[in-house]
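Visitor: Next up, coords-v7.txt (compact mmCIF, C-alpha atoms and all ligand atoms).
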```txt
# COMPACT_ATOMS: atom_id res chain seq x y z
CA MET A 1317 104.44 146.76 31.53
CA LEU A 1318 103.77 143.95 29.06
CA ARG A 1319 107.44 143.86 28.17
CA ALA A 1320 108.52 144.05 31.83
CA GLY A 1321 106.18 141.13 32.52
CA ALA A 1322 107.47 139.13 29.56
CA ILE A 1323 111.13 139.60 30.49
CA SER A 1324 110.44 138.75 34.12
CA GLY A 1325 108.54 135.61 33.13
CA GLN A 1326 111.46 134.52 30.94
CA ALA A 1327 113.77 135.07 33.90
CA HIS A 1328 111.67 132.73 36.03
CA ALA A 1329 111.79 130.11 33.27
CA ARG A 1330 115.57 130.52 33.13
CA ALA A 1331 115.88 129.98 36.89
CA MET A 1332 113.72 126.85 36.60
CA ARG A 1333 115.93 125.43 33.86
CA ALA A 1334 119.08 126.14 35.88
CA ALA A 1335 117.88 124.70 39.20
CA ARG A 1336 119.56 121.62 40.70
CA PRO A 1337 119.67 120.26 44.27
CA GLY A 1338 122.89 121.42 45.95
CA MET A 1339 122.95 124.86 44.32
CA PHE A 1340 122.78 128.00 46.42
CA GLU A 1341 119.76 130.27 46.29
CA TYR A 1342 121.98 133.14 45.06
CA GLU A 1343 122.90 131.12 42.00
CA LEU A 1344 119.26 131.26 40.91
CA GLU A 1345 119.14 134.97 41.79
CA ALA A 1346 122.08 135.44 39.40
CA GLU A 1347 120.16 133.71 36.60
CA LEU A 1348 117.22 136.09 37.14
CA LEU A 1349 119.37 139.22 37.14
CA TYR A 1350 121.22 138.06 34.03
CA GLU A 1351 117.99 137.54 32.11
CA PHE A 1352 116.59 140.92 33.23
CA ARG A 1353 119.64 142.85 32.13
CA ARG A 1354 120.36 141.06 28.88
CA ASN A 1355 116.84 141.99 27.77
CA GLY A 1356 117.36 145.65 28.50
CA ALA A 1357 115.73 145.95 31.92
CA GLN A 1358 117.61 148.53 33.94
CA PHE A 1359 117.06 147.13 37.45
CA PRO A 1360 115.28 144.51 39.48
CA ALA A 1361 112.02 146.18 40.59
CA TYR A 1362 112.74 145.02 44.19
CA THR A 1363 115.20 142.75 45.95
CA SER A 1364 114.65 139.26 44.58
CA ILE A 1365 113.43 136.60 47.01
CA VAL A 1366 114.86 133.13 46.42
CA ALA A 1367 113.56 131.10 49.35
CA SER A 1368 114.14 127.35 49.47
CA GLY A 1369 112.73 124.81 51.91
CA PRO A 1370 111.67 126.40 55.21
CA ASN A 1371 112.78 129.86 54.01
CA ALA A 1372 109.65 129.99 51.83
CA CYS A 1373 107.63 130.42 55.02
CA VAL A 1374 109.56 133.63 55.85
CA LEU A 1375 107.60 136.26 53.90
CA HIS A 1376 110.29 138.82 53.14
CA TYR A 1377 113.31 136.49 53.17
CA ASN A 1378 116.04 137.83 50.88
CA GLN A 1379 119.34 136.57 52.25
CA ASN A 1380 119.32 134.07 49.37
CA ASP A 1381 122.36 132.23 50.75
CA ARG A 1382 121.05 128.76 51.59
CA ARG A 1383 122.03 125.58 49.79
CA MET A 1384 118.89 124.08 48.22
CA GLY A 1385 118.13 120.48 49.10
CA ASP A 1386 116.76 117.56 47.15
CA GLY A 1387 113.01 117.20 47.71
CA GLU A 1388 112.51 120.86 48.63
CA LEU A 1389 110.54 123.61 46.95
CA VAL A 1390 112.02 126.98 46.09
CA LEU A 1391 109.84 130.10 46.04
CA ILE A 1392 111.13 132.88 43.79
CA ASP A 1393 109.57 136.35 43.93
CA ALA A 1394 111.34 138.52 41.38
CA GLY A 1395 110.55 141.04 38.68
CA CYS A 1396 112.43 143.57 36.62
CA GLU A 1397 111.98 147.29 36.15
CA LEU A 1398 111.91 148.34 32.51
CA ASP A 1399 111.84 152.01 31.53
CA GLY A 1400 110.36 152.90 34.90
CA TYR A 1401 107.72 150.16 35.07
CA ALA A 1402 107.75 147.20 37.45
CA ALA A 1403 106.85 143.56 37.12
CA ASP A 1404 106.21 141.36 40.16
CA ILE A 1405 106.11 137.59 39.70
CA THR A 1406 106.28 134.67 42.11
CA ARG A 1407 106.74 131.06 41.12
CA THR A 1408 107.31 128.06 43.37
CA PHE A 1409 108.81 124.83 42.06
CA PRO A 1410 110.57 121.65 43.21
CA VAL A 1411 114.35 121.98 43.14
CA ASN A 1412 114.68 118.44 41.74
CA GLY A 1413 111.90 118.92 39.17
CA ARG A 1414 109.33 116.61 40.77
CA PHE A 1415 106.61 117.69 43.23
CA THR A 1416 106.01 115.36 46.19
CA ASP A 1417 102.36 114.47 46.77
CA ALA A 1418 102.08 116.96 49.66
CA GLN A 1419 103.76 119.72 47.65
CA ARG A 1420 101.56 119.08 44.63
CA THR A 1421 98.39 119.09 46.74
CA LEU A 1422 99.17 122.50 48.21
CA TYR A 1423 100.43 123.85 44.88
CA GLN A 1424 97.18 122.89 43.12
CA LEU A 1425 95.23 124.54 45.93
CA VAL A 1426 97.08 127.84 45.50
CA LEU A 1427 96.66 127.61 41.74
CA ALA A 1428 92.90 127.07 42.18
CA ALA A 1429 92.77 130.07 44.52
CA GLN A 1430 94.53 132.21 41.93
CA SER A 1431 92.15 131.05 39.24
CA ALA A 1432 89.16 131.99 41.43
CA ALA A 1433 90.75 135.38 42.08
CA PHE A 1434 91.14 136.01 38.33
CA GLY A 1435 87.44 135.17 37.96
CA ALA A 1436 86.61 138.12 40.22
CA ILE A 1437 88.35 140.65 37.95
CA ALA A 1438 86.11 142.67 35.65
CA PRO A 1439 85.16 146.32 35.29
CA GLY A 1440 82.72 147.38 37.99
CA ARG A 1441 83.55 144.52 40.36
CA PRO A 1442 85.00 145.57 43.73
CA TYR A 1443 88.74 145.28 44.35
CA SER A 1444 88.04 143.37 47.58
CA GLY A 1445 86.29 140.57 45.67
CA ILE A 1446 89.66 139.34 44.39
CA HIS A 1447 90.94 138.55 47.88
CA GLU A 1448 87.58 137.16 48.97
CA ALA A 1449 87.49 134.72 46.03
CA ALA A 1450 91.03 133.47 46.70
CA LEU A 1451 90.45 133.17 50.43
CA GLN A 1452 87.28 131.11 49.99
CA VAL A 1453 89.15 128.50 47.92
CA LEU A 1454 92.17 128.46 50.23
CA VAL A 1455 90.09 128.05 53.37
CA ASP A 1456 87.93 125.30 51.83
CA GLY A 1457 91.21 123.52 51.05
CA MET A 1458 92.63 124.12 54.53
CA LEU A 1459 89.49 122.53 56.01
CA ASP A 1460 89.68 119.55 53.62
CA LEU A 1461 93.38 118.96 54.32
CA GLY A 1462 93.15 119.25 58.10
CA LEU A 1463 95.19 122.45 58.36
CA ILE A 1464 92.12 124.05 59.94
CA ASP A 1465 90.23 121.83 62.39
CA ARG A 1466 86.91 121.11 60.70
CA SER A 1467 85.25 120.16 63.98
CA ARG A 1468 85.53 123.78 65.13
CA TYR A 1469 83.82 125.46 62.17
CA ALA A 1470 80.53 124.99 60.34
CA ASN A 1471 81.99 126.23 57.05
CA ALA A 1472 84.70 128.35 55.41
CA ASP A 1473 82.95 131.64 56.24
CA ASP A 1474 82.96 130.71 59.93
CA ALA A 1475 86.66 129.87 59.80
CA ILE A 1476 87.43 133.13 57.98
CA ALA A 1477 85.44 135.15 60.53
CA ASP A 1478 87.58 133.57 63.27
CA LYS A 1479 90.78 134.24 61.26
CA ALA A 1480 91.61 130.52 61.40
CA HIS A 1481 93.45 130.85 58.08
CA VAL A 1482 95.87 133.54 59.25
CA PRO A 1483 98.61 131.15 60.47
CA PHE A 1484 98.77 129.81 56.87
CA TYR A 1485 97.74 132.84 54.78
CA MET A 1486 98.60 136.14 56.39
CA HIS A 1487 98.79 138.57 53.47
CA GLY A 1488 96.43 140.13 50.97
CA THR A 1489 95.94 138.75 47.47
CA GLY A 1490 97.52 141.65 45.60
CA HIS A 1491 98.27 145.32 45.18
CA TRP A 1492 98.38 148.03 42.54
CA LEU A 1493 101.37 147.75 40.22
CA GLY A 1494 102.98 150.37 37.99
CA MET A 1495 105.93 152.70 38.34
CA ASP A 1496 106.38 151.27 41.82
CA VAL A 1497 106.02 147.62 42.66
CA HIS A 1498 103.49 148.52 45.34
CA ASP A 1499 102.07 151.39 43.35
CA VAL A 1500 100.23 154.40 44.72
CA GLY A 1501 96.44 154.52 44.80
CA SER A 1502 93.64 153.89 47.24
CA TYR A 1503 91.94 150.52 47.56
CA ARG A 1504 88.75 152.22 48.74
CA ASP A 1505 86.37 154.62 47.08
CA LEU A 1506 87.07 157.66 49.24
CA ALA A 1507 84.32 159.71 47.56
CA VAL A 1508 81.55 157.34 48.70
CA PRO A 1509 80.23 157.34 52.29
CA GLY A 1510 81.53 154.34 54.19
CA LYS A 1511 84.48 154.14 51.78
CA PRO A 1512 83.57 150.83 50.09
CA SER A 1513 86.10 148.84 48.09
CA ARG A 1514 87.02 150.58 44.85
CA PRO A 1515 85.36 149.28 41.69
CA LEU A 1516 87.78 147.99 39.06
CA VAL A 1517 88.22 150.14 35.95
CA PRO A 1518 89.88 149.22 32.61
CA GLY A 1519 93.55 150.13 32.69
CA MET A 1520 94.12 149.37 36.36
CA ALA A 1521 97.17 147.14 36.82
CA LEU A 1522 97.50 144.85 39.81
CA THR A 1523 99.04 141.64 41.11
CA VAL A 1524 97.19 138.45 42.03
CA GLU A 1525 99.26 136.52 44.54
CA PRO A 1526 97.63 133.93 46.78
CA GLY A 1527 99.85 131.65 48.84
CA ILE A 1528 100.02 129.14 51.66
CA TYR A 1529 102.76 128.87 54.28
CA VAL A 1530 102.84 125.95 56.71
CA ARG A 1531 105.12 126.14 59.71
CA PRO A 1532 105.39 123.23 62.14
CA GLY A 1533 102.84 123.38 64.92
CA ALA A 1534 100.63 121.32 67.20
CA GLY A 1535 97.76 119.83 65.20
CA VAL A 1536 99.29 120.81 61.84
CA PRO A 1537 99.63 117.73 59.58
CA GLU A 1538 103.35 116.97 59.47
CA GLN A 1539 103.43 116.16 55.76
CA PHE A 1540 102.87 119.87 55.04
CA TRP A 1541 105.45 121.30 57.47
CA HIS A 1542 107.86 123.85 56.00
CA ILE A 1543 106.05 124.06 52.66
CA GLY A 1544 105.62 127.64 51.48
CA ILE A 1545 103.97 128.38 48.14
CA ARG A 1546 102.99 131.62 46.42
CA ILE A 1547 101.91 132.11 42.81
CA GLU A 1548 101.90 135.71 41.63
CA ASP A 1549 100.97 137.20 38.28
CA ASP A 1550 100.40 140.72 36.99
CA VAL A 1551 97.17 141.67 35.25
CA VAL A 1552 95.56 144.69 33.71
CA VAL A 1553 91.80 145.21 33.86
CA THR A 1554 90.31 145.39 30.35
CA ASP A 1555 86.88 146.27 28.96
CA GLY A 1556 85.97 142.59 28.88
CA GLY A 1557 87.72 141.41 32.05
CA TYR A 1558 91.47 141.22 32.42
CA ARG A 1559 94.69 140.45 30.62
CA ILE A 1560 97.59 138.56 32.22
CA LEU A 1561 100.95 140.29 31.61
CA THR A 1562 103.15 137.52 32.99
CA GLY A 1563 102.12 134.40 31.09
CA SER A 1564 105.70 133.72 30.03
CA ALA A 1565 106.45 132.35 33.50
CA PRO A 1566 105.64 128.60 33.51
CA LYS A 1567 102.96 127.76 36.06
CA SER A 1568 101.19 124.41 35.67
CA VAL A 1569 102.60 121.34 37.41
CA ALA A 1570 103.22 119.75 34.00
CA GLU A 1571 105.03 122.81 32.58
CA ILE A 1572 107.20 123.12 35.68
CA GLU A 1573 108.08 119.43 35.89
CA ALA A 1574 109.01 119.48 32.20
CA LEU A 1575 111.35 122.47 32.61
CA VAL A 1576 113.11 122.37 35.98
CA GLY A 1577 116.72 121.22 35.74
CA LYS A 1578 116.61 120.95 31.95
CA GLY A 1579 119.16 123.70 31.31
CA GLN A 1580 122.92 123.27 31.08
CA ALA A 1581 124.43 122.33 34.43
N1 LIG B 1 107.41 141.39 45.62
C1 LIG B 1 106.62 142.04 46.58
C2 LIG B 1 105.23 141.62 46.53
O1 LIG B 1 104.92 140.60 45.96
O2 LIG B 1 104.35 142.29 46.97
MN MN B 2 103.36 141.52 44.78
MN MN B 3 106.10 139.66 44.53
```
Would you give me this structure, written as structure tokens?
Guide:
Amino acid sequence: MLRAGAISGQAHARAMRAARPGMFEYELEAELLYEFRRNGAQFPAYTSIVASGPNACVLHYNQNDRRMGDGELVLIDAGCELDGYAADITRTFPVNGRFTDAQRTLYQLVLAAQSAAFGAIAPGRPYSGIHEAALQVLVDGMLDLGLIDRSRYANADDAIADKAHVPFYMHGTGHWLGMDVHDVGSYRDLAVPGKPSRPLVPGMALTVEPGIYVRPGAGVPEQFWHIGIRIEDDVVVTDGGYRILTGSAPKSVAEIEALVGKGQA
């Protein structure tokens, strides 16, 4: 799984280097598949998502046939399968190599949510704490940025209880990962009455994938319309906490801005 994660991360870096405004999404898909295969991966672990501009707000978009515009983001969710094991990585980056202020603001929010989610991973901690940690950060940000109407809620917990975040964050923060991309295994402790969330155990492998997706709508600040961002990494629970398997995929704003478009045209 380490090797599947490393190859997949390199493939994301390759797609970043290749990206230019005016290219088609499938051209980036081709870069990913090339990097998977030339490193010995047998297959993509699932159909790659290359979703530019408004397509990033369509969760399972995989037509990958749109021409990418200047000033847009592209969200790529792609991982290889190596010797039966899957990787599952998402990166989101500006097609022209430079985040706009609105894009950067939301990107940093998702990154902060992912960081909080990582902080909830340790042996003995409940699986559900990962999602709760990410959601808290995302909803605080949604309140600060006016995506959720602050006048209606006393705090983030109130907004979460009312599902006010669901128009902008409608999926969970991860899943088990292994021989399948959504691997088998319960998320609850079925042996315990009430079936509480399962405690994390060293060796468990999972994804951590917060996101934010802003479609146009009444009361939604226009500067954020059509921005869709997800950041997804693969981790394994260790004795001391966790280990990230997908660190080869560039992730900070600085790393991304330094890399995008820097490959041969
Ligand atoms: N690539 C599918 C998922 O992220 O769950
Ligand atoms: Mn995933
Ligand atoms: Mn994914």
Visitor: Counting all atoms listed in the file, select every polymer residue within 10 Å of (102.9, 119.9, 55.4) as defined in the file's coordinates, and provide the selection as a PDB file with C-alpha atoms, keeping the file's coordinate frame.
Guide:
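Wrote it out as selection_16.pdb, contents follow:
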```pdb
ATOM      1  CA  ALA A1418     102.080 116.960  49.660  1.00  0.00           C
ATOM      2  CA  GLN A1419     103.760 119.720  47.650  1.00  0.00           C
ATOM      3  CA  THR A1421      98.390 119.090  46.740  1.00  0.00           C
ATOM      4  CA  LEU A1422      99.170 122.500  48.210  1.00  0.00           C
ATOM      5  CA  LEU A1461      93.380 118.960  54.320  1.00  0.00           C
ATOM      6  CA  LEU A1463      95.190 122.450  58.360  1.00  0.00           C
ATOM      7  CA  TYR A1529     102.760 128.870  54.280  1.00  0.00           C
ATOM      8  CA  VAL A1530     102.840 125.950  56.710  1.00  0.00           C
ATOM      9  CA  ARG A1531     105.120 126.140  59.710  1.00  0.00           C
ATOM     10  CA  PRO A1532     105.390 123.230  62.140  1.00  0.00           C
ATOM     11  CA  VAL A1536      99.290 120.810  61.840  1.00  0.00           C
ATOM     12  CA  PRO A1537      99.630 117.730  59.580  1.00  0.00           C
ATOM     13  CA  GLU A1538     103.350 116.970  59.470  1.00  0.00           C
ATOM     14  CA  GLN A1539     103.430 116.160  55.760  1.00  0.00           C
ATOM     15  CA  PHE A1540     102.870 119.870  55.040  1.00  0.00           C
ATOM     16  CA  TRP A1541     105.450 121.300  57.470  1.00  0.00           C
ATOM     17  CA  HIS A1542     107.860 123.850  56.000  1.00  0.00           C
ATOM     18  CA  ILE A1543     106.050 124.060  52.660  1.00  0.00           C
ATOM     19  CA  GLY A1544     105.620 127.640  51.480  1.00  0.00           C
TER      20      GLY A1544
END
```
Visitor: Would you mind listing, for every residue of chain A within 9 Å of ligand MN 3 (chain B), the two atoms forming the shortest contact and the distance between them in Å to one decimal, using only C-alpha atoms and all ligand atoms, sorted by chain and ascending residue number, as a Markdown table?
Guide:
```
| residue | atom | partner | partner_atom | distance |
| --- | --- | --- | --- | --- |
| A:Tyr1362 | CA | B:MN3 | MN | 8.5 |
| A:Ser1364 | CA | B:MN3 | MN | 8.6 |
| A:Ile1365 | CA | B:MN3 | MN | 8.3 |
| A:Ile1392 | CA | B:MN3 | MN | 8.5 |
| A:Asp1393 | CA | B:MN3 | MN | 4.8 |
| A:Ala1394 | CA | B:MN3 | MN | 6.2 |
| A:Gly1395 | CA | B:MN3 | MN | 7.5 |
| A:Ala1403 | CA | B:MN3 | MN | 8.4 |
| A:Asp1404 | CA | B:MN3 | MN | 4.7 |
| A:Ile1405 | CA | B:MN3 | MN | 5.3 |
| A:Thr1406 | CA | B:MN3 | MN | 5.5 |
| A:Gly1490 | CA | B:MN3 | MN | 8.9 |
| A:Val1497 | CA | B:MN3 | MN | 8.2 |
| A:Thr1523 | CA | B:MN3 | MN | 8.1 |
| A:Glu1525 | CA | B:MN3 | MN | 7.5 |
| A:Arg1546 | CA | B:MN3 | MN | 8.8 |
| A:Ile1547 | CA | B:MN3 | MN | 8.8 |
| A:Glu1548 | CA | B:MN3 | MN | 6.5 |
| A:Asp1549 | CA | B:MN3 | MN | 8.5 |
```
Visitor: Write out, as a PDB file, in the frame of the given file, the residues just selected, with C-alpha atoms.
Guide:
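Full text of again.pdb as output:
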```
ATOM      1  CA  TYR A1362     112.740 145.020  44.190  1.00  0.00           C
ATOM      2  CA  SER A1364     114.650 139.260  44.580  1.00  0.00           C
ATOM      3  CA  ILE A1365     113.430 136.600  47.010  1.00  0.00           C
ATOM      4  CA  ILE A1392     111.130 132.880  43.790  1.00  0.00           C
ATOM      5  CA  ASP A1393     109.570 136.350  43.930  1.00  0.00           C
ATOM      6  CA  ALA A1394     111.340 138.520  41.380  1.00  0.00           C
ATOM      7  CA  GLY A1395     110.550 141.040  38.680  1.00  0.00           C
ATOM      8  CA  ALA A1403     106.850 143.560  37.120  1.00  0.00           C
ATOM      9  CA  ASP A1404     106.210 141.360  40.160  1.00  0.00           C
ATOM     10  CA  ILE A1405     106.110 137.590  39.700  1.00  0.00           C
ATOM     11  CA  THR A1406     106.280 134.670  42.110  1.00  0.00           C
ATOM     12  CA  GLY A1490      97.520 141.650  45.600  1.00  0.00           C
ATOM     13  CA  VAL A1497     106.020 147.620  42.660  1.00  0.00           C
ATOM     14  CA  THR A1523      99.040 141.640  41.110  1.00  0.00           C
ATOM     15  CA  GLU A1525      99.260 136.520  44.540  1.00  0.00           C
ATOM     16  CA  ARG A1546     102.990 131.620  46.420  1.00  0.00           C
ATOM     17  CA  ILE A1547     101.910 132.110  42.810  1.00  0.00           C
ATOM     18  CA  GLU A1548     101.900 135.710  41.630  1.00  0.00           C
ATOM     19  CA  ASP A1549     100.970 137.200  38.280  1.00  0.00           C
TER      20      ASP A1549
END
```
Visitor: Between A:Leu1375, A:Leu1391, A:Leu1522, A:Ile1323, which has the minimum distance to Ala1335 in chain A (counting all atoms listed in the file)?
Guide: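 Distance minimum relative to Ala1335 in chain A lands on A:Leu1391.
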Visitor: Nearest residue to Pro1337 in chain A out of A:Ala1534, A:Ala1402, A:Met1458, A:Met1384, using all atoms listed in the file?
Guide: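 Using all atoms listed in the file, the shortest distance to Pro1337 in chain A belongs to A:Met1384.
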Visitor: Go through range 1431-1544 of chain A and flag each residue having an atom no more than 9 Å from range 1557-1577 of chain A; for those, report the closest pair of atoms plus their distance in Å to one decimal, using all atoms listed in the file, ordered by chain and rising number, as a Markdown table.
Guide:
```
| residue | atom | partner | partner_atom | distance |
| --- | --- | --- | --- | --- |
| A:Phe1434 | CA | A:Tyr1558 | CA | 7.9 |
| A:Gly1435 | CA | A:Gly1557 | CA | 8.6 |
| A:Ala1436 | CA | A:Gly1557 | CA | 8.9 |
| A:Ile1437 | CA | A:Gly1557 | CA | 6.0 |
| A:Ala1438 | CA | A:Gly1557 | CA | 4.1 |
| A:Pro1439 | CA | A:Gly1557 | CA | 6.4 |
| A:Pro1518 | CA | A:Gly1557 | CA | 8.1 |
```
Visitor: Selection from above, C-alpha atoms, as a JSON list (two decimals), in the frame of the given file, can you write it?
Guide:
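The result, stored in again02.json:
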```json
[["chain", "number", "residue", "atom", "x", "y", "z"],
["A", 1434, "PHE", "CA", 91.14, 136.01, 38.33],
["A", 1435, "GLY", "CA", 87.44, 135.17, 37.96],
["A", 1436, "ALA", "CA", 86.61, 138.12, 40.22],
["A", 1437, "ILE", "CA", 88.35, 140.65, 37.95],
["A", 1438, "ALA", "CA", 86.11, 142.67, 35.65],
["A", 1439, "PRO", "CA", 85.16, 146.32, 35.29],
["A", 1518, "PRO", "CA", 89.88, 149.22, 32.61]]
```
Visitor: Could you check which of A:Asp1473, A:Lys1511, A:Lys1479, A:Arg1407 is closest to ligand MN 2 (chain B), using only C-alpha atoms and all ligand atoms?
Guide: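 Under the stated criterion, the closest residue is A:Arg1407.
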Visitor: Find the residue from A:Ser1324, A:Ser1467, A:Ser1444, A:Ser1368 that sits nearest to Asn1412 in chain A; use all atoms listed in the file when measuring.
Guide: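 Closest candidate: A:Ser1368.
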Visitor: Mind pulling up the distance from CA of Arg1333 in chain A to CA of Tyr1377 in chain A?
Guide: 22.4 Å
Visitor: Rank nothing, just name the residue among A:Leu1318, A:Val1551, A:Met1520, A:Ala1470 nearest to ligand MN 2 (chain B), using all atoms listed in the file.
Guide: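 With all atoms listed in the file as the atom set, the closest residue is A:Val1551.
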Visitor: For atom O2 of ligand LIG 1 (chain B) and CA of Val1500 in chain A, quote the distance in Å rounded to one decimal.
Guide: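 Going from atom O2 of ligand LIG 1 (chain B) over to CA of Val1500 in chain A, I get 13.0 Å.
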Visitor: Would you compute the distance between CA of Ile1464 in chain A and CA of Phe1484 in chain A? Give it in Å to one decimal.
Guide: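 Answer for the CA of Ile1464 in chain A to CA of Phe1484 in chain A separation: 9.3 Å.
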Visitor: Which of these residues is nearest to Gly1387 in chain A, using all atoms listed in the file: A:Arg1354, A:Arg1336, A:His1491, A:His1498?
Guide: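 Once distances to Gly1387 in chain A are computed over all atoms listed in the file, the minimum belongs to A:Arg1336.
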